[in-house]
Every structure is written in structure tokens, then in C-alpha cells.
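K.L.:
Shown below is the structure under consideration.
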Amino acid sequence: YAVLAQVSILDVFVAAVIPAIIAVVFHGIAITVYTRFVPEAGPAGPRTGWAERWKVLRESWAVLVLLIAVIGGIYGGIVTVNEAAAVGACFTLFLALLRRRLSWGSFLHALGETATNTAVIYLIIFGASIFSYFFTISGAPQVLVSTIGAMEVPPLVIIFALLVMYLALGAVFETVSAMLITLPFVLPLVVSLGYDPVWWAIVNIVVIELGMITPPIGL
């Protein structure tokens, strides 16, 4: 989204903090309420003492350090998002070597998986960029914006219609595909209505993700 919309990746990360906290809190509430009424859905496990908890916490120090280095570096303005990814990769490699859990076979497998995933992502971005370019030079976004503007429809009604559209798309499309296909004509419309593109990034992603778990196809 940030690449195609030409907005700061860091701004999108920062904008996602409060929505993420809200989502975690409400997920926790939903799980708690559901398991109270349906106990067999989440049976209670054996209780562990504080000594065992501290032991597990000490053994997971590497994960905590990695989390602080990457997330703290991004939100603290110490490193950019790309640099944080490099820091995370290097630190993970260092930990694997330190714990002697990295073999040549697993290392080459990790490189292959990384190359494959990166190639797929870039193919999607290249395709979306080409589609966005030709869609823009065709003048279709301007026609869409002017047409909807002439209809004198309240902005919230248009946003609501877009949310419904993305719920439907999320049920049949993968998140990135649904977003990249529609972004070239949806983003100019949203901006013309006076909404911030960073705000729309969070709304867009959340609604598409909701569509992915929406029956009947989403499940």
C-alpha cells in the first residue's frame, strides 16, 4: 500500500498502533466471553508457578531482544523500516549461529524460501504498478471522482459503499491482490473526499482482513 500510495511506511506503522491495540483487546474479550459460555472450546491448562514462568521468560530473551531491536528501532526513529528488516535478519542469523542450530542445508533452504517469496511479492508490485500507471493515464480516476462528485452523495455514504465492496472482495481475493487491484481508482476517490491516505490504509487493510473471515467464502 505504501509503495503504490506513495506514503511513508513508518507513518502507516505508527497509524496501526492504536487500531492494533484495540483489536487485541477486543479479541481477548471475545475469547474470554466465548470460552465462558463454551468451556470445551478452550479448556484450562495446568497452572504454572512464577518460578516456571520466569524460567521460560529467561529462555526467550533472544526473542524479546529481537522484538525490541526491530519494533523499538522503527518507532524510535533509529532505523527505517528497510533497515529494521536487515537488523532483524542479521540478528536472527547471529542467534542461529550462536545456538549452533543452523546447518548449510537449513541456511540454503531459508535463502531459497526468501528468494521465492521476494520474487512473488515483486511480481505483484510490478503488475500492480503497470496496471496503476495505465489506469491513471487513461483518466479513469478523474472521471470517477468527477462523476461521484456530481452526484452530491455524502462522503460517509461513499466510504460505507467502499467498505461493503472490500468486505465482498476480501471474501474471494487475497489481501494484497484485492488492495492492489482496486487502489488505483479507490485512493484518488478517498483523497478527493478529504480523507487521509494513511487513515485509509488502516481502514482498507482491516476491512479486507475481515472479508477474509466472512462467511460463506471467507471461512
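Simple scheme: letters A, B, ... for chains in C-alpha cells order, numbers from 1 for residues in each chain, numbers from 1 for ligands in the order shown.
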Which residues come within 7 Å of segment 165-168 of chain A, counting only C-alpha atoms, excluding same-chain residues fewer than 6 positions away, as a list in words?

P.N.:
Val207, Ile208, Leu210 and Gly211 of chain A

K.L.:
Suppose we keep N, CA and C atoms; can you now write the selection as an mmCIF file, in the first residue's frame?

P.N.:
data_model
loop_
_atom_site.group_PDB
_atom_site.id
_atom_site.type_symbol
_atom_site.label_atom_id
_atom_site.label_comp_id
_atom_site.auth_asym_id
_atom_site.auth_seq_id
_atom_site.Cartn_x
_atom_site.Cartn_y
_atom_site.Cartn_z
ATOM 1 N N VAL A 207 -10.576 -3.924 6.830
ATOM 2 C CA VAL A 207 -11.829 -4.382 6.214
ATOM 3 C C VAL A 207 -11.586 -5.578 5.302
ATOM 4 N N ILE A 208 -10.490 -5.559 4.548
ATOM 5 C CA ILE A 208 -10.188 -6.709 3.689
ATOM 6 C C ILE A 208 -9.926 -7.951 4.531
ATOM 7 N N LEU A 210 -11.179 -8.554 7.440
ATOM 8 C CA LEU A 210 -12.489 -9.000 7.919
ATOM 9 C C LEU A 210 -13.219 -9.784 6.832
ATOM 10 N N GLY A 211 -13.066 -9.325 5.591
ATOM 11 C CA GLY A 211 -13.693 -10.041 4.490
ATOM 12 C C GLY A 211 -13.159 -11.450 4.328
#

K.L.:
Which residues come within 12 Å of Ile137 of chain A, counting only C-alpha atoms, excluding same-chain residues fewer than 6 positions away, as a ChimeraX atom specification?

P.N.:
/A:130-131,143,184-185

K.L.:
Keeping only C-alpha atoms, write the selected residues to a file as a PDB file, in the first residue's frame.

P.N.:
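Saved the output as part_14.pdb:
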ATOM      1  CA  ILE A 130       1.801  -1.227 -14.502  1.00  0.00           C
ATOM      2  CA  PHE A 131      -1.949  -1.523 -14.020  1.00  0.00           C
ATOM      3  CA  VAL A 143     -13.720  10.628 -14.430  1.00  0.00           C
ATOM      4  CA  PRO A 184      -5.586   2.981  -8.407  1.00  0.00           C
ATOM      5  CA  PHE A 185      -9.195   4.177  -8.578  1.00  0.00           C
TER       6      PHE A 185
END

K.L.:
Which is closest to Thr80 of chain A among A:Ile202, A:Ile9, A:Leu4, A:Leu67, if we use only C-alpha atoms?

P.N.:
A:Ile9
